[in-house]
Amino acid sequence: MKNIPLCIPTIGEEEKEAVMECLSSNFVSSAGPSIALFEEAFAKYVGSKYAVACSSGTAALHLAVETANRITDNNYFKYFVPTFSFAASVNPCVYSRGATNLYFVDACPETWSLDLQHLFNNVNFENGVRSSYDHCIVIPHLYGYPAKDMQKFVNKYKKNIFIIEDATESLGSFVDGKHVGTFGHFGCFSFNGNKMITTGSGGMLVTDNIEYAEIARSLSQQAKIPNIKNEYYHNDIGYNYRMTNIQAALGLAQFRKLPQFLQRKKEISKRYDDSLLKGGSWVRQQAPENSDVTMWLYSLCHTTFKMDIDALRDRLAFKGIETRKLWYPLHKQKYNNGRNLYYPFLFNRDILSRKDKSTAQLLWERGISLPSSVSMTDEEQDYVIEFFLNEQNQL
Ligand SMILES: Cc1ncc(COP(=O)(O)O)c(C=O)c1O
């Protein structure tokens, strides 16, 4: 039986050599030449002035939140966060300061990201603001797809609301020639094992503001003040979030292959689209106008309630095809029970004609992600397509 995984990394000889070089030179930790080189190359590619390499995408997001707190001296942000995303989009907002002032916003029916249009219609961040930056928002770009109306939101509100883009899943996607993650105050990327490029675990924080970059960099290294007699003087409560030289060397080797990875993901996406969208039973995310999108994880949502996604997944698993459900809405997670969250949630326009459900709930109930590894062959993809189409007809 075949075994077709969901999304695995592609590691070659170049990566092995790069890691071996670190081991031989003893630059295994957060000192070493590769970290600055990786930061520089990454910042250049996404078109950002500064990049801070971190131990994970979650660490990058947490550093963004903590830096926003330091800059504004505001511990009491109202956080607008997606209910449809991976938990790490939201958790960093509550790590240090408690889960107060969280407004979960529903998913955009077209892009599945946080619905900015709904915010335009329902919240005016310019009204009732005590001082600038009482609000912070985390906007994810999911499965490779940019959030819609990003530039419009930034133009209107960048001076009123701290904007953190969770671009962890969207390396290689642009809107109007601008890379996702470079619209707001901060952009966060992930190099987890299943991401577009991997460093094992790793992340990158990008910003155009030198002060933000310096605070984030310092916080990532225990907030130690360099070059003073007392090496153990810290000017803040810092974290051990710095990327290691081994991770950065691996990242640089992967980064050189990014163009071919992006190309392959686009091919995979097109082959799935051509076969699976024909009947109209499934819909995909839609790319905003003028965007150049690279799918990261190919995901679909059924247009009716008739499809039993769990049964379909079981049948595909039986054929050796790994799939995944879309996210369970974050506001419904058990660990959020009893926390001081804000109600009502800003739930929104309906995507698939059920007025009584949030879009996030519908995506969870009807959505599925399919194998999307760069290394998947056409033959393997045809096998997935064949069984996906066959098995759903059995249900
Ligand atoms: C949307 C989203 N946000 C945040 C993260 C966290 O990234 P990491 O796993 O590198 O901590 C991930 C990936 O795992 C993600 O998919």
# chains A, B, ... in the order shown; residues from 1 in each chain; ligands from 1
$ select_by_dssp --residues "range 92-307 of chain A" --states "helix (DSSP H, G or I)" --output "PyMOL selection string"
chain A and resi 92-94+116-122+150-157+210-220+245-255+258-276
$ residues_around --residues "Leu63 in chain A" --least-positions-apart "4" --cutoff "12 Å" --atoms "only C-alpha atoms" --output "JSON, numbers by chain"
{"A": [52, 53, 54, 55, 56, 57, 58, 59, 67, 68, 69, 70, 71, 92, 93, 95, 96, 164, 186, 187, 188, 203, 204, 205, 206, 207, 212, 213, 214, 215, 216, 217, 218, 219, 220, 221, 222, 223, 237, 238, 239, 240, 241, 242]}
$ residues_near_ligand --ligand "ligand 1" --cutoff "7 Å" --atoms "only C-alpha atoms and all ligand atoms" --output "NGL selection string"
:A and (56-59 or 85-89 or 140 or 142 or 166 or 168-169 or 190-192 or 201-203)
$ select_by_dssp --residues "range 183-361 of chain A" --states "strand (DSSP E or B)" --output "list in words"
Phe186, Gly187, Cys188, Phe189, Ser190, Gly203, Met204, Leu205, Val206, Thr207, Gln221, Lys224, His234, Asn240, Arg242, Trp282, Val283, Ser291, Asp292, Ser299, Leu300, Cys301, His302, Ile321, Arg324, Lys325, Leu341 and Leu346 of chain A
$ write_last_selection --atoms "C-alpha atoms" --output "PDB file, in the first residue's frame"
ATOM      1  CA  PHE A 186       5.277  42.966  12.235  1.00  0.00           C
ATOM      2  CA  GLY A 187       5.250  39.861  10.079  1.00  0.00           C
ATOM      3  CA  CYS A 188       5.895  36.405  11.529  1.00  0.00           C
ATOM      4  CA  PHE A 189       7.061  33.333   9.619  1.00  0.00           C
ATOM      5  CA  SER A 190       7.540  29.680  10.551  1.00  0.00           C
ATOM      6  CA  GLY A 203      10.766  31.373  12.776  1.00  0.00           C
ATOM      7  CA  MET A 204      11.441  34.896  11.562  1.00  0.00           C
ATOM      8  CA  LEU A 205      10.060  38.225  12.684  1.00  0.00           C
ATOM      9  CA  VAL A 206      10.204  41.040  10.128  1.00  0.00           C
ATOM     10  CA  THR A 207       9.603  44.755  10.526  1.00  0.00           C
ATOM     11  CA  GLN A 221      18.166  36.832  23.856  1.00  0.00           C
ATOM     12  CA  LYS A 224      20.849  41.089  28.297  1.00  0.00           C
ATOM     13  CA  HIS A 234      19.088  42.359  32.016  1.00  0.00           C
ATOM     14  CA  ASN A 240      15.444  32.278  25.029  1.00  0.00           C
ATOM     15  CA  ARG A 242      17.062  32.981  19.404  1.00  0.00           C
ATOM     16  CA  TRP A 282     -15.967  21.638  -3.211  1.00  0.00           C
ATOM     17  CA  VAL A 283     -14.730  25.209  -2.886  1.00  0.00           C
ATOM     18  CA  SER A 291      -2.051  38.544  -5.795  1.00  0.00           C
ATOM     19  CA  ASP A 292       0.576  35.961  -6.614  1.00  0.00           C
ATOM     20  CA  SER A 299      -7.450  22.650   1.443  1.00  0.00           C
ATOM     21  CA  LEU A 300     -11.059  22.323   0.402  1.00  0.00           C
ATOM     22  CA  CYS A 301     -14.465  22.955   1.914  1.00  0.00           C
ATOM     23  CA  HIS A 302     -17.559  20.987   0.890  1.00  0.00           C
ATOM     24  CA  ILE A 321      -3.435   8.886   2.160  1.00  0.00           C
ATOM     25  CA  ARG A 324      -6.193  16.713   7.974  1.00  0.00           C
ATOM     26  CA  LYS A 325      -9.311  18.510   9.092  1.00  0.00           C
ATOM     27  CA  LEU A 341     -13.224  36.626  26.693  1.00  0.00           C
ATOM     28  CA  LEU A 346     -17.720  39.306  15.905  1.00  0.00           C
TER      29      LEU A 346
END
$ closest_atom_pairs --of "range 142-235 of chain A" --to "range 1-6 of chain A" --cutoff "12 Å" --atoms "only C-alpha atoms" --output "Markdown table"
| residue | atom | partner | partner_atom | distance |
| --- | --- | --- | --- | --- |
| A:Gly193 | CA | A:Leu6 | CA | 11.5 |
| A:Asn194 | CA | A:Leu6 | CA | 8.6 |
| A:Lys195 | CA | A:Leu6 | CA | 11.3 |
$ write_last_selection --atoms "N, CA and C atoms" --output "PDB file, in the first residue's frame"
ATOM      1  N   GLY A 193       8.671  21.868  10.445  1.00  0.00           N
ATOM      2  CA  GLY A 193       8.957  20.791   9.499  1.00  0.00           C
ATOM      3  C   GLY A 193       8.042  20.723   8.298  1.00  0.00           C
ATOM      4  N   ASN A 194       6.802  21.169   8.466  1.00  0.00           N
ATOM      5  CA  ASN A 194       5.870  21.049   7.333  1.00  0.00           C
ATOM      6  C   ASN A 194       5.742  22.338   6.521  1.00  0.00           C
ATOM      7  N   LYS A 195       6.513  23.372   6.866  1.00  0.00           N
ATOM      8  CA  LYS A 195       6.325  24.664   6.190  1.00  0.00           C
ATOM      9  C   LYS A 195       7.079  24.719   4.847  1.00  0.00           C
TER      10      LYS A 195
END
$ residues_around --residues "range 366-372 of chain A" --least-positions-apart "2" --cutoff "9 Å" --atoms "only C-alpha atoms" --output "PyMOL selection string"
chain A and resi 4-8+265+268-269+295-305+307-309+313+321-327+361-364+374-376+381+384
$ write_last_selection --atoms "N, CA and C atoms" --output "mmCIF file, in the first residue's frame"
data_model
loop_
_atom_site.group_PDB
_atom_site.id
_atom_site.type_symbol
_atom_site.label_atom_id
_atom_site.label_comp_id
_atom_site.auth_asym_id
_atom_site.auth_seq_id
_atom_site.Cartn_x
_atom_site.Cartn_y
_atom_site.Cartn_z
ATOM 1 N N ILE A 4 1.171 8.163 1.543
ATOM 2 C CA ILE A 4 1.346 9.536 1.037
ATOM 3 C C ILE A 4 1.091 10.515 2.179
ATOM 4 N N PRO A 5 2.176 11.074 2.719
ATOM 5 C CA PRO A 5 2.032 11.959 3.882
ATOM 6 C C PRO A 5 1.440 13.317 3.510
ATOM 7 N N LEU A 6 0.997 14.015 4.514
ATOM 8 C CA LEU A 6 0.324 15.300 4.284
ATOM 9 C C LEU A 6 1.280 16.358 3.744
ATOM 10 N N CYS A 7 2.359 16.593 4.464
ATOM 11 C CA CYS A 7 3.265 17.667 4.054
ATOM 12 C C CYS A 7 4.625 17.476 4.748
ATOM 13 N N ILE A 8 5.537 16.878 4.031
ATOM 14 C CA ILE A 8 6.839 16.592 4.645
ATOM 15 C C ILE A 8 7.929 17.449 3.987
ATOM 16 N N LYS A 265 4.751 23.680 -5.680
ATOM 17 C CA LYS A 265 3.474 23.835 -4.952
ATOM 18 C C LYS A 265 2.394 24.375 -5.893
ATOM 19 N N ILE A 268 1.194 21.518 -8.055
ATOM 20 C CA ILE A 268 0.325 20.599 -7.291
ATOM 21 C C ILE A 268 -1.068 21.206 -7.142
ATOM 22 N N SER A 269 -1.085 22.474 -6.800
ATOM 23 C CA SER A 269 -2.354 23.161 -6.593
ATOM 24 C C SER A 269 -3.199 23.145 -7.871
ATOM 25 N N MET A 295 0.027 28.213 -2.876
ATOM 26 C CA MET A 295 -0.635 27.338 -1.920
ATOM 27 C C MET A 295 0.431 26.652 -1.065
ATOM 28 N N TRP A 296 0.175 26.577 0.249
ATOM 29 C CA TRP A 296 1.097 25.821 1.105
ATOM 30 C C TRP A 296 0.526 24.432 1.414
ATOM 31 N N LEU A 297 -0.730 24.396 1.837
ATOM 32 C CA LEU A 297 -1.385 23.118 2.138
ATOM 33 C C LEU A 297 -2.737 23.142 1.434
ATOM 34 N N TYR A 298 -2.930 22.248 0.468
ATOM 35 C CA TYR A 298 -4.125 22.301 -0.361
ATOM 36 C C TYR A 298 -5.357 21.921 0.463
ATOM 37 N N SER A 299 -6.297 22.856 0.566
ATOM 38 C CA SER A 299 -7.450 22.650 1.443
ATOM 39 C C SER A 299 -8.752 22.976 0.730
ATOM 40 N N LEU A 300 -9.759 22.202 1.052
ATOM 41 C CA LEU A 300 -11.059 22.323 0.402
ATOM 42 C C LEU A 300 -12.168 22.371 1.438
ATOM 43 N N CYS A 301 -13.293 22.954 1.035
ATOM 44 C CA CYS A 301 -14.465 22.955 1.914
ATOM 45 C C CYS A 301 -15.658 22.473 1.095
ATOM 46 N N HIS A 302 -16.410 21.511 1.615
ATOM 47 C CA HIS A 302 -17.559 20.987 0.890
ATOM 48 C C HIS A 302 -18.689 21.997 0.943
ATOM 49 N N THR A 303 -19.443 22.086 -0.163
ATOM 50 C CA THR A 303 -20.456 23.139 -0.225
ATOM 51 C C THR A 303 -21.782 22.746 0.422
ATOM 52 N N THR A 304 -21.903 21.497 0.859
ATOM 53 C CA THR A 304 -23.147 21.105 1.534
ATOM 54 C C THR A 304 -22.794 20.376 2.835
ATOM 55 N N PHE A 305 -23.832 20.038 3.583
ATOM 56 C CA PHE A 305 -23.597 19.282 4.816
ATOM 57 C C PHE A 305 -23.580 17.780 4.556
ATOM 58 N N MET A 307 -21.513 15.776 3.050
ATOM 59 C CA MET A 307 -20.283 14.999 3.079
ATOM 60 C C MET A 307 -19.820 14.750 4.527
ATOM 61 N N ASP A 308 -19.632 13.475 4.853
ATOM 62 C CA ASP A 308 -19.117 13.128 6.184
ATOM 63 C C ASP A 308 -17.580 13.153 6.095
ATOM 64 N N ILE A 309 -17.002 14.255 6.516
ATOM 65 C CA ILE A 309 -15.557 14.458 6.340
ATOM 66 C C ILE A 309 -14.761 13.404 7.115
ATOM 67 N N ARG A 313 -12.118 10.857 5.483
ATOM 68 C CA ARG A 313 -10.720 10.802 5.935
ATOM 69 C C ARG A 313 -10.332 9.364 6.301
ATOM 70 N N ILE A 321 -3.469 7.450 2.488
ATOM 71 C CA ILE A 321 -3.435 8.886 2.160
ATOM 72 C C ILE A 321 -3.705 9.694 3.431
ATOM 73 N N GLU A 322 -2.710 10.473 3.829
ATOM 74 C CA GLU A 322 -2.877 11.268 5.053
ATOM 75 C C GLU A 322 -3.607 12.569 4.724
ATOM 76 N N THR A 323 -4.592 12.902 5.506
ATOM 77 C CA THR A 323 -5.327 14.169 5.326
ATOM 78 C C THR A 323 -5.436 14.848 6.687
ATOM 79 N N ARG A 324 -5.986 16.035 6.690
ATOM 80 C CA ARG A 324 -6.193 16.713 7.974
ATOM 81 C C ARG A 324 -7.478 17.525 7.894
ATOM 82 N N LYS A 325 -8.147 17.625 9.038
ATOM 83 C CA LYS A 325 -9.311 18.510 9.092
ATOM 84 C C LYS A 325 -8.835 19.947 9.183
ATOM 85 N N LEU A 326 -9.711 20.882 8.898
ATOM 86 C CA LEU A 326 -9.367 22.287 9.129
ATOM 87 C C LEU A 326 -9.526 22.563 10.630
ATOM 88 N N TRP A 327 -9.124 23.739 11.075
ATOM 89 C CA TRP A 327 -9.050 24.002 12.523
ATOM 90 C C TRP A 327 -10.408 24.058 13.204
ATOM 91 N N GLN A 361 -16.953 27.698 11.986
ATOM 92 C CA GLN A 361 -17.593 26.426 12.326
ATOM 93 C C GLN A 361 -17.840 25.603 11.055
ATOM 94 N N LEU A 362 -18.287 26.282 10.010
ATOM 95 C CA LEU A 362 -18.550 25.579 8.755
ATOM 96 C C LEU A 362 -17.267 25.001 8.169
ATOM 97 N N LEU A 363 -16.209 25.773 8.258
ATOM 98 C CA LEU A 363 -14.937 25.288 7.712
ATOM 99 C C LEU A 363 -14.465 24.065 8.487
ATOM 100 N N TRP A 364 -14.634 24.104 9.800
ATOM 101 C CA TRP A 364 -14.241 22.958 10.631
ATOM 102 C C TRP A 364 -15.067 21.725 10.268
ATOM 103 N N VAL A 374 6.112 18.991 -1.486
ATOM 104 C CA VAL A 374 6.852 19.313 -2.703
ATOM 105 C C VAL A 374 7.372 18.043 -3.379
ATOM 106 N N SER A 375 7.723 17.055 -2.562
ATOM 107 C CA SER A 375 8.318 15.818 -3.096
ATOM 108 C C SER A 375 7.281 14.825 -3.624
ATOM 109 N N MET A 376 5.983 15.132 -3.479
ATOM 110 C CA MET A 376 4.962 14.210 -3.986
ATOM 111 C C MET A 376 5.064 14.149 -5.515
ATOM 112 N N GLN A 381 0.100 11.951 -6.710
ATOM 113 C CA GLN A 381 -1.029 12.884 -6.658
ATOM 114 C C GLN A 381 -2.237 12.310 -7.412
ATOM 115 N N VAL A 384 -3.998 10.049 -5.147
ATOM 116 C CA VAL A 384 -4.816 10.783 -4.168
ATOM 117 C C VAL A 384 -6.105 11.256 -4.830
#
$ decode --residues "range 21-68 of chain A" --atoms "N, CA and C atoms" --output "PDB file, in the first residue's frame"
ATOM      1  N   GLU A  21      28.785  21.235   8.557  1.00  0.00           N
ATOM      2  CA  GLU A  21      29.747  22.333   8.661  1.00  0.00           C
ATOM      3  C   GLU A  21      29.631  23.018  10.044  1.00  0.00           C
ATOM      4  N   CYS A  22      28.419  23.189  10.515  1.00  0.00           N
ATOM      5  CA  CYS A  22      28.212  23.789  11.855  1.00  0.00           C
ATOM      6  C   CYS A  22      28.794  22.875  12.927  1.00  0.00           C
ATOM      7  N   LEU A  23      28.558  21.579  12.764  1.00  0.00           N
ATOM      8  CA  LEU A  23      29.049  20.637  13.779  1.00  0.00           C
ATOM      9  C   LEU A  23      30.578  20.648  13.789  1.00  0.00           C
ATOM     10  N   SER A  24      31.177  20.696  12.602  1.00  0.00           N
ATOM     11  CA  SER A  24      32.640  20.673  12.524  1.00  0.00           C
ATOM     12  C   SER A  24      33.241  21.955  13.096  1.00  0.00           C
ATOM     13  N   SER A  25      32.568  23.080  12.846  1.00  0.00           N
ATOM     14  CA  SER A  25      33.149  24.364  13.291  1.00  0.00           C
ATOM     15  C   SER A  25      32.765  24.680  14.735  1.00  0.00           C
ATOM     16  N   ASN A  26      31.917  23.861  15.329  1.00  0.00           N
ATOM     17  CA  ASN A  26      31.462  24.070  16.704  1.00  0.00           C
ATOM     18  C   ASN A  26      30.467  25.208  16.872  1.00  0.00           C
ATOM     19  N   PHE A  27      30.031  25.812  15.775  1.00  0.00           N
ATOM     20  CA  PHE A  27      29.016  26.867  15.879  1.00  0.00           C
ATOM     21  C   PHE A  27      27.634  26.203  15.895  1.00  0.00           C
ATOM     22  N   VAL A  28      27.299  25.660  17.028  1.00  0.00           N
ATOM     23  CA  VAL A  28      26.053  24.895  17.094  1.00  0.00           C
ATOM     24  C   VAL A  28      24.925  25.680  17.751  1.00  0.00           C
ATOM     25  N   SER A  29      25.296  26.733  18.472  1.00  0.00           N
ATOM     26  CA  SER A  29      24.279  27.439  19.259  1.00  0.00           C
ATOM     27  C   SER A  29      23.940  28.778  18.612  1.00  0.00           C
ATOM     28  N   SER A  30      23.643  29.792  19.417  1.00  0.00           N
ATOM     29  CA  SER A  30      23.157  31.040  18.817  1.00  0.00           C
ATOM     30  C   SER A  30      24.288  31.999  18.443  1.00  0.00           C
ATOM     31  N   ALA A  31      25.535  31.530  18.466  1.00  0.00           N
ATOM     32  CA  ALA A  31      26.622  32.302  17.852  1.00  0.00           C
ATOM     33  C   ALA A  31      26.980  31.594  16.544  1.00  0.00           C
ATOM     34  N   GLY A  32      27.498  32.357  15.586  1.00  0.00           N
ATOM     35  CA  GLY A  32      27.875  31.728  14.320  1.00  0.00           C
ATOM     36  C   GLY A  32      27.441  32.576  13.154  1.00  0.00           C
ATOM     37  N   PRO A  33      28.057  32.373  12.008  1.00  0.00           N
ATOM     38  CA  PRO A  33      27.861  33.278  10.870  1.00  0.00           C
ATOM     39  C   PRO A  33      26.516  33.129  10.156  1.00  0.00           C
ATOM     40  N   SER A  34      25.872  31.973  10.273  1.00  0.00           N
ATOM     41  CA  SER A  34      24.710  31.724   9.406  1.00  0.00           C
ATOM     42  C   SER A  34      23.471  32.523   9.813  1.00  0.00           C
ATOM     43  N   ILE A  35      23.385  32.873  11.102  1.00  0.00           N
ATOM     44  CA  ILE A  35      22.143  33.521  11.561  1.00  0.00           C
ATOM     45  C   ILE A  35      21.961  34.878  10.874  1.00  0.00           C
ATOM     46  N   ALA A  36      23.012  35.708  10.919  1.00  0.00           N
ATOM     47  CA  ALA A  36      22.903  37.036  10.286  1.00  0.00           C
ATOM     48  C   ALA A  36      22.697  36.896   8.773  1.00  0.00           C
ATOM     49  N   LEU A  37      23.365  35.905   8.172  1.00  0.00           N
ATOM     50  CA  LEU A  37      23.210  35.722   6.720  1.00  0.00           C
ATOM     51  C   LEU A  37      21.777  35.337   6.360  1.00  0.00           C
ATOM     52  N   PHE A  38      21.200  34.470   7.179  1.00  0.00           N
ATOM     53  CA  PHE A  38      19.818  34.039   6.933  1.00  0.00           C
ATOM     54  C   PHE A  38      18.868  35.229   7.108  1.00  0.00           C
ATOM     55  N   GLU A  39      19.085  36.005   8.155  1.00  0.00           N
ATOM     56  CA  GLU A  39      18.227  37.180   8.398  1.00  0.00           C
ATOM     57  C   GLU A  39      18.293  38.147   7.210  1.00  0.00           C
ATOM     58  N   GLU A  40      19.520  38.371   6.752  1.00  0.00           N
ATOM     59  CA  GLU A  40      19.720  39.314   5.650  1.00  0.00           C
ATOM     60  C   GLU A  40      19.015  38.826   4.370  1.00  0.00           C
ATOM     61  N   ALA A  41      19.239  37.561   4.045  1.00  0.00           N
ATOM     62  CA  ALA A  41      18.652  37.000   2.818  1.00  0.00           C
ATOM     63  C   ALA A  41      17.126  37.017   2.909  1.00  0.00           C
ATOM     64  N   PHE A  42      16.612  36.703   4.082  1.00  0.00           N
ATOM     65  CA  PHE A  42      15.159  36.631   4.257  1.00  0.00           C
ATOM     66  C   PHE A  42      14.531  38.020   4.127  1.00  0.00           C
ATOM     67  N   ALA A  43      15.138  38.998   4.821  1.00  0.00           N
ATOM     68  CA  ALA A  43      14.610  40.374   4.779  1.00  0.00           C
ATOM     69  C   ALA A  43      14.590  40.869   3.332  1.00  0.00           C
ATOM     70  N   LYS A  44      15.656  40.567   2.601  1.00  0.00           N
ATOM     71  CA  LYS A  44      15.747  41.015   1.210  1.00  0.00           C
ATOM     72  C   LYS A  44      14.622  40.388   0.372  1.00  0.00           C
ATOM     73  N   TYR A  45      14.413  39.101   0.554  1.00  0.00           N
ATOM     74  CA  TYR A  45      13.405  38.405  -0.251  1.00  0.00           C
ATOM     75  C   TYR A  45      11.997  38.956   0.009  1.00  0.00           C
ATOM     76  N   VAL A  46      11.645  39.130   1.293  1.00  0.00           N
ATOM     77  CA  VAL A  46      10.270  39.589   1.562  1.00  0.00           C
ATOM     78  C   VAL A  46      10.133  41.103   1.419  1.00  0.00           C
ATOM     79  N   GLY A  47      11.271  41.798   1.316  1.00  0.00           N
ATOM     80  CA  GLY A  47      11.211  43.248   1.139  1.00  0.00           C
ATOM     81  C   GLY A  47      10.978  43.984   2.435  1.00  0.00           C
ATOM     82  N   SER A  48      11.623  43.504   3.489  1.00  0.00           N
ATOM     83  CA  SER A  48      11.484  44.145   4.796  1.00  0.00           C
ATOM     84  C   SER A  48      12.848  44.686   5.210  1.00  0.00           C
ATOM     85  N   LYS A  49      12.862  45.739   6.034  1.00  0.00           N
ATOM     86  CA  LYS A  49      14.170  46.303   6.403  1.00  0.00           C
ATOM     87  C   LYS A  49      14.913  45.421   7.393  1.00  0.00           C
ATOM     88  N   TYR A  50      14.187  44.830   8.331  1.00  0.00           N
ATOM     89  CA  TYR A  50      14.864  44.080   9.396  1.00  0.00           C
ATOM     90  C   TYR A  50      14.214  42.706   9.577  1.00  0.00           C
ATOM     91  N   ALA A  51      15.048  41.750   9.960  1.00  0.00           N
ATOM     92  CA  ALA A  51      14.532  40.404  10.254  1.00  0.00           C
ATOM     93  C   ALA A  51      15.239  39.878  11.499  1.00  0.00           C
ATOM     94  N   VAL A  52      14.473  39.246  12.370  1.00  0.00           N
ATOM     95  CA  VAL A  52      15.026  38.681  13.604  1.00  0.00           C
ATOM     96  C   VAL A  52      14.725  37.183  13.599  1.00  0.00           C
ATOM     97  N   ALA A  53      15.773  36.380  13.551  1.00  0.00           N
ATOM     98  CA  ALA A  53      15.578  34.921  13.480  1.00  0.00           C
ATOM     99  C   ALA A  53      15.242  34.381  14.871  1.00  0.00           C
ATOM    100  N   CYS A  54      14.255  33.507  14.933  1.00  0.00           N
ATOM    101  CA  CYS A  54      13.763  33.003  16.230  1.00  0.00           C
ATOM    102  C   CYS A  54      13.692  31.475  16.214  1.00  0.00           C
ATOM    103  N   SER A  55      13.405  30.941  17.401  1.00  0.00           N
ATOM    104  CA  SER A  55      13.389  29.491  17.560  1.00  0.00           C
ATOM    105  C   SER A  55      12.120  28.840  16.995  1.00  0.00           C
ATOM    106  N   SER A  56      11.086  29.619  16.745  1.00  0.00           N
ATOM    107  CA  SER A  56       9.851  29.070  16.153  1.00  0.00           C
ATOM    108  C   SER A  56       8.976  30.226  15.662  1.00  0.00           C
ATOM    109  N   GLY A  57       7.940  29.868  14.915  1.00  0.00           N
ATOM    110  CA  GLY A  57       6.970  30.886  14.506  1.00  0.00           C
ATOM    111  C   GLY A  57       6.206  31.405  15.713  1.00  0.00           C
ATOM    112  N   THR A  58       5.923  30.528  16.650  1.00  0.00           N
ATOM    113  CA  THR A  58       5.216  30.944  17.868  1.00  0.00           C
ATOM    114  C   THR A  58       6.057  31.963  18.629  1.00  0.00           C
ATOM    115  N   ALA A  59       7.370  31.719  18.693  1.00  0.00           N
ATOM    116  CA  ALA A  59       8.264  32.662  19.371  1.00  0.00           C
ATOM    117  C   ALA A  59       8.236  34.011  18.653  1.00  0.00           C
ATOM    118  N   ALA A  60       8.229  33.989  17.312  1.00  0.00           N
ATOM    119  CA  ALA A  60       8.181  35.249  16.550  1.00  0.00           C
ATOM    120  C   ALA A  60       6.902  36.018  16.891  1.00  0.00           C
ATOM    121  N   LEU A  61       5.781  35.297  16.948  1.00  0.00           N
ATOM    122  CA  LEU A  61       4.509  35.948  17.282  1.00  0.00           C
ATOM    123  C   LEU A  61       4.532  36.512  18.700  1.00  0.00           C
ATOM    124  N   HIS A  62       5.098  35.743  19.617  1.00  0.00           N
ATOM    125  CA  HIS A  62       5.161  36.216  21.003  1.00  0.00           C
ATOM    126  C   HIS A  62       6.062  37.447  21.116  1.00  0.00           C
ATOM    127  N   LEU A  63       7.167  37.435  20.406  1.00  0.00           N
ATOM    128  CA  LEU A  63       8.057  38.602  20.424  1.00  0.00           C
ATOM    129  C   LEU A  63       7.354  39.834  19.852  1.00  0.00           C
ATOM    130  N   ALA A  64       6.542  39.629  18.823  1.00  0.00           N
ATOM    131  CA  ALA A  64       5.801  40.754  18.240  1.00  0.00           C
ATOM    132  C   ALA A  64       4.853  41.352  19.278  1.00  0.00           C
ATOM    133  N   VAL A  65       4.137  40.466  19.974  1.00  0.00           N
ATOM    134  CA  VAL A  65       3.181  40.946  20.989  1.00  0.00           C
ATOM    135  C   VAL A  65       3.918  41.671  22.116  1.00  0.00           C
ATOM    136  N   GLU A  66       5.005  41.072  22.584  1.00  0.00           N
ATOM    137  CA  GLU A  66       5.738  41.671  23.704  1.00  0.00           C
ATOM    138  C   GLU A  66       6.382  42.993  23.292  1.00  0.00           C
ATOM    139  N   THR A  67       6.862  43.068  22.070  1.00  0.00           N
ATOM    140  CA  THR A  67       7.464  44.323  21.600  1.00  0.00           C
ATOM    141  C   THR A  67       6.389  45.404  21.500  1.00  0.00           C
ATOM    142  N   ALA A  68       5.216  45.024  21.001  1.00  0.00           N
ATOM    143  CA  ALA A  68       4.109  45.991  20.930  1.00  0.00           C
ATOM    144  C   ALA A  68       3.788  46.506  22.332  1.00  0.00           C
TER     145      ALA A  68
END
